[in-house]
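Below is run.cif, holding mmCIF, C-alpha atoms (C1' of nucleotides).
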data_run
#
loop_
_atom_site.label_atom_id
_atom_site.label_comp_id
_atom_site.auth_asym_id
_atom_site.auth_seq_id
_atom_site.Cartn_x
_atom_site.Cartn_y
_atom_site.Cartn_z
CA MET A 1 0.00 0.00 0.00
CA PHE A 2 2.77 2.37 1.04
CA SER A 3 6.41 2.19 -0.01
CA LYS A 4 8.99 1.35 2.61
CA ALA A 5 10.17 4.93 2.46
CA CYS A 6 6.66 6.10 3.24
CA LYS A 7 6.30 3.70 6.15
CA TYR A 8 9.56 4.97 7.58
CA ALA A 9 8.39 8.54 7.10
CA ILE A 10 5.12 7.95 8.93
CA LYS A 11 6.80 6.16 11.80
CA ALA A 12 9.56 8.73 12.08
CA LEU A 13 7.11 11.61 12.19
CA ILE A 14 4.94 9.93 14.79
CA TYR A 15 7.99 9.31 16.92
CA ILE A 16 9.22 12.88 16.54
CA ALA A 17 5.79 14.27 17.33
CA SER A 18 5.57 12.08 20.41
CA ARG A 19 8.82 13.52 21.70
CA SER A 20 8.57 17.07 20.43
CA GLY A 21 7.19 20.11 22.11
CA ASP A 22 9.51 20.31 25.06
CA GLY A 23 12.10 22.00 22.85
CA SER A 24 14.30 18.94 22.48
CA ASN A 25 15.42 17.79 19.06
CA ILE A 26 15.39 14.18 17.94
CA SER A 27 18.50 12.90 16.26
CA LEU A 28 18.49 10.71 13.19
CA ARG A 29 20.25 7.96 15.10
CA ASP A 30 17.57 8.00 17.74
CA ILE A 31 14.81 7.93 15.14
CA ALA A 32 16.33 5.03 13.21
CA ALA A 33 16.79 3.07 16.44
CA GLN A 34 13.23 3.69 17.61
CA ILE A 35 11.51 2.85 14.35
CA ASP A 36 13.94 0.11 13.35
CA SER A 37 14.97 1.60 10.03
CA PRO A 38 18.24 1.94 8.11
CA GLU A 39 19.79 5.17 9.31
CA HIS A 40 21.13 6.57 6.04
CA PHE A 41 18.03 5.74 4.08
CA THR A 42 15.97 7.37 6.78
CA ALA A 43 18.18 10.42 6.43
CA LYS A 44 17.16 10.80 2.80
CA ILE A 45 13.52 10.58 3.73
CA MET A 46 13.90 13.14 6.49
CA GLN A 47 15.55 15.48 4.00
CA ILE A 48 12.49 15.29 1.78
CA LEU A 49 10.14 15.87 4.69
CA SER A 50 12.30 18.75 5.81
CA LYS A 51 12.37 20.39 2.39
CA GLN A 52 8.61 20.07 2.17
CA GLY A 53 8.27 21.83 5.49
CA ILE A 54 6.62 18.85 7.16
CA VAL A 55 9.34 18.64 9.77
CA SER A 56 11.95 21.12 11.03
CA SER A 57 15.61 20.46 11.69
CA ILE A 58 18.60 21.98 13.38
CA LYS A 59 22.24 21.10 12.72
CA GLY A 60 25.02 20.77 15.21
CA PRO A 61 25.29 19.42 18.73
CA ASN A 62 21.90 18.91 20.36
CA GLY A 63 20.47 19.37 16.91
CA GLY A 64 17.98 17.08 15.23
CA PHE A 65 14.40 17.06 14.05
CA TYR A 66 11.33 18.50 15.69
CA ILE A 67 7.73 19.49 15.14
CA GLU A 68 6.41 22.63 16.77
CA ARG A 69 4.01 21.82 19.57
CA ASN A 70 1.39 24.21 18.28
CA ALA A 71 1.99 23.43 14.61
CA PRO A 72 -1.11 22.59 12.59
CA ALA A 73 -1.84 18.87 12.67
CA ILE A 74 -0.27 16.90 9.84
CA PRO A 75 -2.69 14.53 8.10
CA LEU A 76 -1.18 11.23 6.95
CA PHE A 77 -2.20 12.31 3.49
CA GLU A 78 0.47 15.02 3.51
CA VAL A 79 3.15 12.50 4.33
CA VAL A 80 2.09 10.02 1.70
CA ARG A 81 1.89 12.80 -0.83
CA ALA A 82 5.40 14.01 0.00
CA ILE A 83 7.02 10.58 -0.24
CA ASP A 84 4.96 8.41 -2.60
CA GLY A 85 3.14 11.12 -4.50
CA VAL A 86 -0.58 11.19 -5.19
CA HIS A 87 -0.73 9.20 -8.39
CA HIS A 88 -1.34 5.88 -6.70
CA LEU A 89 -4.01 7.53 -4.57
CA THR A 90 -5.84 9.13 -7.45
CA GLY A 91 -4.84 7.29 -10.63
CA CYS A 92 -6.70 4.37 -12.18
CA GLY A 93 -6.50 1.12 -10.27
CA LEU A 94 -5.60 -0.73 -13.44
CA GLY A 95 -3.33 1.98 -14.83
CA LEU A 96 -5.55 3.38 -17.58
CA LYS A 97 -4.54 6.83 -18.72
CA ASN A 98 -7.96 8.46 -18.69
CA CYS A 99 -10.11 6.22 -16.57
CA SER A 100 -13.32 7.99 -15.56
CA GLU A 101 -17.03 7.52 -15.05
CA ASP A 102 -17.28 8.07 -18.76
CA GLN A 103 -14.73 5.48 -19.79
CA PRO A 104 -14.27 3.35 -16.70
CA CYS A 105 -11.84 0.48 -16.32
CA PRO A 106 -13.35 -2.84 -15.28
CA ILE A 107 -12.84 -2.21 -11.57
CA HIS A 108 -13.47 1.53 -11.58
CA ARG A 109 -16.52 1.62 -9.34
CA GLU A 110 -15.43 -1.03 -6.86
CA PHE A 111 -11.94 0.39 -6.61
CA SER A 112 -13.09 3.98 -6.22
CA GLU A 113 -15.18 3.04 -3.24
CA VAL A 114 -12.28 1.36 -1.47
CA ARG A 115 -9.88 4.12 -2.26
CA ASN A 116 -12.20 6.85 -1.13
CA ARG A 117 -12.21 5.08 2.21
CA LEU A 118 -8.43 5.14 2.20
CA LEU A 119 -8.32 8.82 1.29
CA GLN A 120 -10.83 9.61 3.99
CA MET A 121 -8.68 7.76 6.49
CA LEU A 122 -5.52 9.53 5.34
CA HIS A 123 -7.16 12.92 5.69
CA GLN A 124 -8.68 12.23 9.07
CA SER A 125 -5.72 10.64 10.80
CA THR A 126 -3.01 13.04 11.87
CA ILE A 127 0.54 12.51 13.00
CA GLN A 128 -0.19 14.35 16.24
CA GLN A 129 -3.20 12.24 17.11
CA LEU A 130 -1.31 9.02 16.39
CA ALA A 131 1.63 10.33 18.40
CA GLY A 132 -0.69 10.79 21.35
CA GLU A 133 -1.76 7.16 21.18
CA LEU A 134 1.87 6.13 21.01
CA THR A 135 2.73 8.20 24.07
CA SER A 136 -0.14 6.73 26.05
CA GLY A 137 1.14 3.26 25.24
CA GLN A 138 -1.82 2.21 23.13
CA THR A 139 0.39 1.57 20.11
CA VAL A 140 3.99 0.67 19.32
CA LEU A 141 6.49 1.59 16.61
CA LYS A 142 8.50 -1.60 16.56
CA GLN A 143 8.52 -5.11 17.88
CA MET A 144 10.99 -7.78 18.77
CA ALA A 145 12.49 -9.53 15.77
CA LEU A 146 11.61 -13.19 15.35
CA MET B 1 -2.05 -0.70 -4.76
CA PHE B 2 -1.35 -3.46 -7.26
CA SER B 3 1.95 -4.03 -9.06
CA LYS B 4 2.07 -3.48 -12.80
CA ALA B 5 2.33 -7.23 -13.23
CA CYS B 6 -0.87 -7.67 -11.28
CA LYS B 7 -2.68 -5.01 -13.28
CA TYR B 8 -1.67 -6.74 -16.49
CA ALA B 9 -2.82 -10.06 -15.04
CA ILE B 10 -6.24 -8.74 -14.13
CA LYS B 11 -6.75 -7.07 -17.49
CA ALA B 12 -5.49 -10.09 -19.40
CA LEU B 13 -7.82 -12.45 -17.56
CA ILE B 14 -10.82 -10.20 -18.03
CA TYR B 15 -10.08 -10.00 -21.73
CA ILE B 16 -9.61 -13.76 -22.05
CA ALA B 17 -12.80 -14.41 -20.11
CA SER B 18 -14.69 -11.99 -22.32
CA ARG B 19 -13.58 -13.93 -25.40
CA SER B 20 -13.56 -17.47 -24.06
CA GLY B 21 -16.24 -20.07 -24.04
CA ASP B 22 -16.72 -20.49 -27.77
CA GLY B 23 -13.68 -22.77 -27.86
CA SER B 24 -11.34 -20.20 -29.34
CA ASN B 25 -7.98 -19.53 -27.78
CA ILE B 26 -6.56 -16.08 -27.22
CA SER B 27 -2.98 -15.53 -28.28
CA LEU B 28 -0.45 -13.63 -26.26
CA ARG B 29 -0.04 -11.11 -29.04
CA ASP B 30 -3.75 -10.44 -29.07
CA ILE B 31 -3.84 -10.05 -25.30
CA ALA B 32 -0.91 -7.65 -25.20
CA ALA B 33 -2.45 -5.56 -27.97
CA GLN B 34 -5.85 -5.41 -26.31
CA ILE B 35 -4.63 -4.52 -22.85
CA ASP B 36 -1.74 -2.36 -24.03
CA SER B 37 1.00 -4.27 -22.24
CA PRO B 38 4.56 -5.36 -23.12
CA GLU B 39 4.18 -8.71 -24.83
CA HIS B 40 7.11 -10.58 -23.32
CA PHE B 41 6.48 -9.34 -19.82
CA THR B 42 2.88 -10.35 -20.19
CA ALA B 43 4.08 -13.78 -21.24
CA LYS B 44 5.83 -14.24 -17.92
CA ILE B 45 2.70 -13.27 -16.06
CA MET B 46 0.58 -15.65 -18.10
CA GLN B 47 3.01 -18.43 -17.30
CA ILE B 48 2.49 -17.86 -13.60
CA LEU B 49 -1.29 -17.76 -13.98
CA SER B 50 -1.10 -20.89 -16.07
CA LYS B 51 1.02 -22.78 -13.54
CA GLN B 52 -1.36 -21.79 -10.81
CA GLY B 53 -4.24 -23.18 -12.80
CA ILE B 54 -6.00 -19.84 -13.07
CA VAL B 55 -5.89 -19.93 -16.83
CA SER B 56 -5.40 -22.75 -19.36
CA SER B 57 -3.20 -22.73 -22.43
CA ILE B 58 -2.55 -24.65 -25.61
CA LYS B 59 0.58 -24.46 -27.76
CA GLY B 60 0.83 -24.46 -31.50
CA PRO B 61 -1.19 -22.93 -34.29
CA ASN B 62 -4.58 -21.70 -33.11
CA GLY B 63 -3.26 -22.16 -29.62
CA GLY B 64 -3.40 -19.59 -26.87
CA PHE B 65 -5.06 -19.00 -23.53
CA TYR B 66 -8.61 -19.72 -22.46
CA ILE B 67 -10.92 -20.06 -19.50
CA GLU B 68 -13.57 -22.75 -19.52
CA ARG B 69 -17.02 -21.27 -19.89
CA ASN B 70 -18.39 -23.23 -16.95
CA ALA B 71 -15.27 -22.88 -14.83
CA PRO B 72 -15.86 -21.64 -11.30
CA ALA B 73 -15.72 -17.85 -11.12
CA ILE B 74 -12.27 -16.43 -10.33
CA PRO B 75 -12.31 -13.79 -7.59
CA LEU B 76 -9.84 -10.93 -8.07
CA PHE B 77 -8.33 -12.07 -4.81
CA GLU B 78 -7.02 -15.23 -6.48
CA VAL B 79 -5.26 -13.19 -9.12
CA VAL B 80 -3.69 -10.76 -6.69
CA ARG B 81 -2.58 -13.65 -4.53
CA ALA B 82 -0.97 -15.42 -7.48
CA ILE B 83 0.96 -12.39 -8.71
CA ASP B 84 1.59 -10.05 -5.76
CA GLY B 85 1.13 -12.50 -2.92
CA VAL B 86 -0.96 -11.93 0.17
CA HIS B 87 1.54 -10.20 2.41
CA HIS B 88 0.57 -6.70 1.38
CA LEU B 89 -3.07 -7.66 1.85
CA THR B 90 -2.62 -9.10 5.31
CA GLY B 91 0.64 -7.74 6.73
CA CYS B 92 0.99 -4.66 8.90
CA GLY B 93 0.41 -1.35 7.14
CA LEU B 94 3.60 0.04 8.63
CA GLY B 95 5.62 -3.15 8.25
CA LEU B 96 5.73 -4.31 11.87
CA LYS B 97 6.57 -7.97 12.27
CA ASN B 98 3.87 -8.91 14.74
CA CYS B 99 1.33 -6.16 14.54
CA SER B 100 -1.93 -7.21 16.20
CA GLU B 101 -4.78 -6.02 18.39
CA ASP B 102 -2.45 -6.79 21.25
CA GLN B 103 0.50 -4.80 20.00
CA PRO B 104 -0.93 -2.57 17.31
CA CYS B 105 1.04 -0.21 15.11
CA PRO B 106 -0.11 3.43 15.16
CA ILE B 107 -2.46 2.99 12.21
CA HIS B 108 -3.60 -0.55 12.95
CA ARG B 109 -7.30 0.11 13.49
CA GLU B 110 -7.75 2.68 10.75
CA PHE B 111 -5.78 0.66 8.24
CA SER B 112 -7.52 -2.61 9.05
CA GLU B 113 -10.86 -1.06 8.30
CA VAL B 114 -9.77 0.16 4.90
CA ARG B 115 -8.08 -3.05 4.01
CA ASN B 116 -11.00 -5.19 5.03
CA ARG B 117 -12.99 -3.20 2.52
CA LEU B 118 -10.41 -3.97 -0.10
CA LEU B 119 -10.37 -7.67 0.75
CA GLN B 120 -14.15 -7.76 0.63
CA MET B 121 -14.06 -6.15 -2.79
CA LEU B 122 -11.41 -8.58 -4.04
CA HIS B 123 -13.42 -11.55 -2.87
CA GLN B 124 -16.69 -10.33 -4.28
CA SER B 125 -15.54 -9.21 -7.71
CA THR B 126 -14.86 -11.98 -10.16
CA ILE B 127 -13.11 -12.05 -13.50
CA GLN B 128 -16.21 -13.44 -15.16
CA GLN B 129 -18.51 -10.74 -13.84
CA LEU B 130 -16.08 -8.01 -14.89
CA ALA B 131 -15.70 -9.68 -18.28
CA GLY B 132 -19.45 -9.46 -18.73
CA GLU B 133 -19.38 -5.74 -18.13
CA LEU B 134 -16.56 -5.41 -20.62
CA THR B 135 -18.47 -7.36 -23.25
CA SER B 136 -21.55 -5.24 -22.78
CA GLY B 137 -19.47 -2.13 -23.35
CA GLN B 138 -19.83 -0.72 -19.87
CA THR B 139 -16.08 -0.74 -19.30
CA VAL B 140 -12.87 -0.58 -21.31
CA LEU B 141 -9.43 -2.17 -21.04
CA LYS B 142 -7.41 0.58 -22.65
CA GLN B 143 -7.63 4.12 -23.86
CA MET B 144 -6.03 6.34 -26.41
CA ALA B 145 -2.58 7.56 -25.43
CA LEU B 146 -2.21 11.27 -24.84
"C1'" DG C 1 39.75 29.45 16.68
"C1'" DG C 2 39.50 24.25 17.05
"C1'" DA C 3 37.17 19.98 18.07
"C1'" DA C 4 32.97 17.63 18.21
"C1'" DT C 5 28.23 16.94 16.72
"C1'" DA C 6 24.51 16.42 13.59
"C1'" DA C 7 21.89 17.34 9.29
"C1'" DA C 8 22.50 18.03 4.11
"C1'" DG C 9 24.14 16.52 -0.01
"C1'" DG C 10 26.41 13.66 -3.44
"C1'" DA C 11 28.03 9.33 -5.12
"C1'" DT C 12 27.75 4.54 -5.22
"C1'" DA C 13 25.98 -0.16 -4.28
"C1'" DT C 14 22.34 -3.66 -3.84
"C1'" DA C 15 17.78 -5.53 -4.55
"C1'" DT C 16 13.56 -5.72 -6.84
"C1'" DT C 17 10.54 -4.86 -10.55
"C1'" DT C 18 9.76 -4.30 -15.20
"C1'" DA C 19 11.02 -5.23 -19.87
"C1'" DT C 20 13.35 -7.48 -23.78
"C1'" DC C 21 15.67 -11.04 -26.36
"C1'" DT C 22 16.68 -15.79 -27.58
"C1'" DT C 23 15.98 -20.64 -27.50
"C1'" DT C 24 13.12 -24.71 -26.66
"C1'" DA C 25 9.01 -27.54 -26.70
"C1'" DA C 26 4.47 -28.61 -28.30
"C1'" DT C 27 1.05 -28.57 -31.81
"C1'" DT C 28 -0.98 -27.99 -36.37
"C1'" DA C 29 -1.29 -28.30 -41.21
"C1'" DA C 30 0.45 -29.13 -45.63
"C1'" DT D 1 8.27 -35.01 -42.39
"C1'" DT D 2 8.77 -30.23 -42.86
"C1'" DA D 3 7.38 -25.59 -42.02
"C1'" DA D 4 4.76 -22.55 -39.37
"C1'" DT D 5 2.70 -21.17 -35.08
"C1'" DT D 6 2.42 -20.41 -30.28
"C1'" DA D 7 3.36 -20.96 -25.30
"C1'" DA D 8 7.28 -22.11 -22.03
"C1'" DA D 9 11.62 -21.26 -20.42
"C1'" DG D 10 16.05 -19.13 -19.80
"C1'" DA D 11 19.18 -15.26 -20.05
"C1'" DT D 12 19.95 -10.53 -20.06
"C1'" DA D 13 18.93 -5.55 -19.77
"C1'" DA D 14 16.80 -1.38 -18.00
"C1'" DA D 15 14.41 1.08 -14.52
"C1'" DT D 16 13.21 1.91 -9.92
"C1'" DA D 17 13.43 1.36 -4.95
"C1'" DT D 18 16.21 0.54 -1.13
"C1'" DA D 19 20.46 0.93 1.28
"C1'" DT D 20 25.24 2.46 2.29
"C1'" DC D 21 29.29 5.40 2.21
"C1'" DC D 22 31.77 9.71 2.03
"C1'" DT D 23 32.07 14.73 2.04
"C1'" DT D 24 30.21 19.25 3.16
"C1'" DT D 25 27.83 22.65 5.95
"C1'" DA D 26 26.01 24.53 10.12
"C1'" DT D 27 26.14 24.76 15.02
"C1'" DT D 28 27.75 24.17 19.78
"C1'" DC D 29 31.03 23.97 23.25
"C1'" DC D 30 35.53 24.46 24.94
#

Whole structure given in structure tokens:
Amino acid sequence: MFSKACKYAIKALIYIASRSGDGSNISLRDIAAQIDSPEHFTAKIMQILSKQGIVSSIKGPNGGFYIERNAPAIPLFEVVRAIDGVHHLTGCGLGLKNCSEDQPCPIHREFSEVRNRLLQMLHQSTIQQLAGELTSGQTVLKQMAL
Amino acid sequence: MFSKACKYAIKALIYIASRSGDGSNISLRDIAAQIDSPEHFTAKIMQILSKQGIVSSIKGPNGGFYIERNAPAIPLFEVVRAIDGVHHLTGCGLGLKNCSEDQPCPIHREFSEVRNRLLQMLHQSTIQQLAGELTSGQTVLKQMAL
DNA sequence: GGAATAAAGGATATATTTATCTTTAATTAA
DNA sequence: TTAATTAAAGATAAATATATCCTTTATTCC
């Protein structure tokens, strides 16, 4: 559904949000350790998120990434859009160039319904809300390896 | 959502089903032309579908692929399973190894709901039903290029 | 100013997916 | 039996996604 890069991005942002607000910055190393991701690859993803203004960063000692406490909530949709783009969220399920009500692909109707659900979910769920559930221990970002 | 290979598979099967039943076999070249796919890549996909018993084939002149007219309906789920596997339909949305109600990832609940919808859709929609809609002109398998 | 820290950026490597090319095997028809 | 046709199979290439490594830039602390 989401690329690995996008999964890392979502997890990283939730972790940062769960630790941000007290003025401390979260280092890449910390992020990668907490979400169980390859550090350098995660760095690339953070750079994209940073350029897009989804996350802020500071260089140097005690530097790292952060999200302003009173920043507007970030819908998951924004993250997916930044990393995976919107095509797979809006394009034809079977890859037709101009699939529409007018000239629908064989799964147009059925697929639209499912994907509208997904879009609705991505717009409703925010990083901050999910970070809250992480902080309260209702959810986890990684698990023991087998 | 689906890999390119899977999209080709779905389109190919719908086309074959829409033309099968009168005893004629559909050649690879015909399929690739009708669904606008790379012929040799499509061949690989058809080989997988053939090995899995989802489609039948005959070599030689007048040979090709076919689906028995009175064969049991093929749910889309079977096709996706054969080509993309089930992991992305059942695994954790964020890639956790043992995501569950017990130890849920941050998007577990929201994602499960969406994906159950998708699974429901994949189980309900069948190649034969979609082929019928193609035959009756309600849907199309390809469109003019830009 | 110099050393240490941490993100940014660039270059490269690996893995996977997608695509193409060539050969082989099976079948048909003449 | 030979030639033609078509799927199957194997090998290779190209494109993309994932991952790693090295250098540069900004900042902090001493």

Check: which chain C residues lie within 8 Å of chain B using only C-alpha atoms (C1' of nucleotides), as an MDAnalysis selection string: chainID C and resid 18:20 26:28

Within 7 Å of chain A: residues of chain B, using all atoms listed in the file, as a PyMOL selection string: chain B and resi 1+7+88+94+96-98+103-106+110+114+117-118+121+130+134+139-143

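Comparing C:DA11, C:DA29, C:DA3, C:DC21 by their smallest distance to DT23 of chain D, the closest is C:DA11 (using only C-alpha atoms (C1' of nucleotides)).
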
Test item: the PyMOL selection byres ((chain D) within 9 of (chain A)) resolved as a list in words: DA17, DT18, DA19, DT20, DT25, DA26, DT27, DT28 and DC29 of chain D

Output file for the residues above (C-alpha atoms (C1' of nucleotides), as a PDB file, in the coordinates of the input):
ATOM      1  C1'  DA D  17      13.430   1.360  -4.950  1.00  0.00           C
ATOM      2  C1'  DT D  18      16.210   0.540  -1.130  1.00  0.00           C
ATOM      3  C1'  DA D  19      20.460   0.930   1.280  1.00  0.00           C
ATOM      4  C1'  DT D  20      25.240   2.460   2.290  1.00  0.00           C
ATOM      5  C1'  DT D  25      27.830  22.650   5.950  1.00  0.00           C
ATOM      6  C1'  DA D  26      26.010  24.530  10.120  1.00  0.00           C
ATOM      7  C1'  DT D  27      26.140  24.760  15.020  1.00  0.00           C
ATOM      8  C1'  DT D  28      27.750  24.170  19.780  1.00  0.00           C
ATOM      9  C1'  DC D  29      31.030  23.970  23.250  1.00  0.00           C
TER      10       DC D  29
END

Atom-to-atom span, atom CA of Asn70 of chain B and atom CA of Leu28 of chain B, Å: 22.4 Å

One-decimal distance in Å that lies between atom C1' of DA6 of chain C and atom CA of Asn25 of chain A: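 Answer for the atom CA of Asn25 of chain A to atom C1' of DA6 of chain C separation: 10.7 Å.
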
Atom CA of Ile16 of chain A to atom CA of Phe65 of chain A, straight-line distance in Å: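 Value for the atom CA of Phe65 of chain A-atom CA of Ile16 of chain A distance: 7.1 Å.
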
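Applied to this file, the PyMOL selection byres ((chain C and resi 24) around 9) selects DT23 and DA25 of chain C; DA8 and DA9 of chain D.
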
Contacts of Gly53 of chain B within 12 Å, all atoms listed in the file, excl. fewer than 5 positions in-chain, as a PyMOL selection string: chain B and resi 46-48+65-68+71-72+74+78-79+82

Among the residues A:Ala32, A:Ile26, A:Gly21, A:Ser57, the one that comes closest to DA7 of chain C [using all atoms listed in the file]: A:Ser57

Restore N, CA, C and O atoms in segment 80-99 of chain B and list the result as a PDB file, in the frame of the given file.
ATOM      1  N   VAL B  80      -4.632 -11.557  -7.474  1.00  0.00           N
ATOM      2  CA  VAL B  80      -3.690 -10.760  -6.690  1.00  0.00           C
ATOM      3  C   VAL B  80      -2.782 -11.680  -5.877  1.00  0.00           C
ATOM      4  O   VAL B  80      -1.576 -11.479  -5.796  1.00  0.00           O
ATOM      5  N   ARG B  81      -3.368 -12.702  -5.312  1.00  0.00           N
ATOM      6  CA  ARG B  81      -2.580 -13.650  -4.530  1.00  0.00           C
ATOM      7  C   ARG B  81      -1.517 -14.318  -5.399  1.00  0.00           C
ATOM      8  O   ARG B  81      -0.366 -14.450  -4.992  1.00  0.00           O
ATOM      9  N   ALA B  82      -1.905 -14.712  -6.602  1.00  0.00           N
ATOM     10  CA  ALA B  82      -0.970 -15.420  -7.480  1.00  0.00           C
ATOM     11  C   ALA B  82       0.184 -14.523  -7.917  1.00  0.00           C
ATOM     12  O   ALA B  82       1.322 -14.988  -8.019  1.00  0.00           O
ATOM     13  N   ILE B  83      -0.078 -13.268  -8.158  1.00  0.00           N
ATOM     14  CA  ILE B  83       0.960 -12.390  -8.710  1.00  0.00           C
ATOM     15  C   ILE B  83       1.686 -11.583  -7.633  1.00  0.00           C
ATOM     16  O   ILE B  83       2.920 -11.556  -7.589  1.00  0.00           O
ATOM     17  N   ASP B  84       0.957 -10.913  -6.769  1.00  0.00           N
ATOM     18  CA  ASP B  84       1.590 -10.050  -5.760  1.00  0.00           C
ATOM     19  C   ASP B  84       1.764 -10.739  -4.412  1.00  0.00           C
ATOM     20  O   ASP B  84       2.488 -10.240  -3.551  1.00  0.00           O
ATOM     21  N   GLY B  85       1.089 -11.855  -4.218  1.00  0.00           N
ATOM     22  CA  GLY B  85       1.130 -12.500  -2.920  1.00  0.00           C
ATOM     23  C   GLY B  85       0.160 -11.855  -1.952  1.00  0.00           C
ATOM     24  O   GLY B  85      -0.472 -10.852  -2.271  1.00  0.00           O
ATOM     25  N   VAL B  86       0.037 -12.442  -0.763  1.00  0.00           N
ATOM     26  CA  VAL B  86      -0.960 -11.930   0.170  1.00  0.00           C
ATOM     27  C   VAL B  86      -0.373 -11.012   1.228  1.00  0.00           C
ATOM     28  O   VAL B  86      -1.105 -10.364   1.962  1.00  0.00           O
ATOM     29  N   HIS B  87       0.957 -10.941   1.310  1.00  0.00           N
ATOM     30  CA  HIS B  87       1.540 -10.200   2.410  1.00  0.00           C
ATOM     31  C   HIS B  87       1.047  -8.772   2.492  1.00  0.00           C
ATOM     32  O   HIS B  87       0.704  -8.272   3.558  1.00  0.00           O
ATOM     33  N   HIS B  88       0.984  -8.109   1.352  1.00  0.00           N
ATOM     34  CA  HIS B  88       0.570  -6.700   1.380  1.00  0.00           C
ATOM     35  C   HIS B  88      -0.937  -6.566   1.577  1.00  0.00           C
ATOM     36  O   HIS B  88      -1.447  -5.464   1.733  1.00  0.00           O
ATOM     37  N   LEU B  89      -1.631  -7.700   1.577  1.00  0.00           N
ATOM     38  CA  LEU B  89      -3.070  -7.660   1.850  1.00  0.00           C
ATOM     39  C   LEU B  89      -3.371  -8.059   3.281  1.00  0.00           C
ATOM     40  O   LEU B  89      -4.487  -7.895   3.765  1.00  0.00           O
ATOM     41  N   THR B  90      -2.376  -8.612   3.951  1.00  0.00           N
ATOM     42  CA  THR B  90      -2.620  -9.100   5.310  1.00  0.00           C
ATOM     43  C   THR B  90      -1.601  -8.578   6.315  1.00  0.00           C
ATOM     44  O   THR B  90      -1.891  -8.519   7.501  1.00  0.00           O
ATOM     45  N   GLY B  91      -0.407  -8.211   5.823  1.00  0.00           N
ATOM     46  CA  GLY B  91       0.640  -7.740   6.730  1.00  0.00           C
ATOM     47  C   GLY B  91       0.330  -6.370   7.309  1.00  0.00           C
ATOM     48  O   GLY B  91      -0.627  -5.706   6.920  1.00  0.00           O
ATOM     49  N   CYS B  92       1.165  -5.957   8.233  1.00  0.00           N
ATOM     50  CA  CYS B  92       0.990  -4.660   8.900  1.00  0.00           C
ATOM     51  C   CYS B  92       1.179  -3.506   7.912  1.00  0.00           C
ATOM     52  O   CYS B  92       2.081  -3.538   7.084  1.00  0.00           O
ATOM     53  N   GLY B  93       0.345  -2.511   8.028  1.00  0.00           N
ATOM     54  CA  GLY B  93       0.410  -1.350   7.140  1.00  0.00           C
ATOM     55  C   GLY B  93       1.692  -0.573   7.273  1.00  0.00           C
ATOM     56  O   GLY B  93       2.116   0.106   6.338  1.00  0.00           O
ATOM     57  N   LEU B  94       2.332  -0.667   8.416  1.00  0.00           N
ATOM     58  CA  LEU B  94       3.600   0.040   8.630  1.00  0.00           C
ATOM     59  C   LEU B  94       4.782  -0.916   8.671  1.00  0.00           C
ATOM     60  O   LEU B  94       5.896  -0.519   9.004  1.00  0.00           O
ATOM     61  N   GLY B  95       4.525  -2.193   8.369  1.00  0.00           N
ATOM     62  CA  GLY B  95       5.620  -3.150   8.250  1.00  0.00           C
ATOM     63  C   GLY B  95       6.088  -3.790   9.547  1.00  0.00           C
ATOM     64  O   GLY B  95       7.135  -4.439   9.561  1.00  0.00           O
ATOM     65  N   LEU B  96       5.326  -3.658  10.621  1.00  0.00           N
ATOM     66  CA  LEU B  96       5.730  -4.310  11.870  1.00  0.00           C
ATOM     67  C   LEU B  96       5.627  -5.834  11.726  1.00  0.00           C
ATOM     68  O   LEU B  96       4.771  -6.341  11.027  1.00  0.00           O
ATOM     69  N   LYS B  97       6.494  -6.517  12.438  1.00  0.00           N
ATOM     70  CA  LYS B  97       6.570  -7.970  12.270  1.00  0.00           C
ATOM     71  C   LYS B  97       5.398  -8.701  12.899  1.00  0.00           C
ATOM     72  O   LYS B  97       4.909  -9.679  12.372  1.00  0.00           O
ATOM     73  N   ASN B  98       4.945  -8.213  14.045  1.00  0.00           N
ATOM     74  CA  ASN B  98       3.870  -8.910  14.740  1.00  0.00           C
ATOM     75  C   ASN B  98       2.757  -7.964  15.175  1.00  0.00           C
ATOM     76  O   ASN B  98       2.282  -8.025  16.299  1.00  0.00           O
ATOM     77  N   CYS B  99       2.386  -7.115  14.251  1.00  0.00           N
ATOM     78  CA  CYS B  99       1.330  -6.160  14.540  1.00  0.00           C
ATOM     79  C   CYS B  99       0.022  -6.902  14.797  1.00  0.00           C
ATOM     80  O   CYS B  99      -0.339  -7.804  14.051  1.00  0.00           O
TER      81      CYS B  99
END
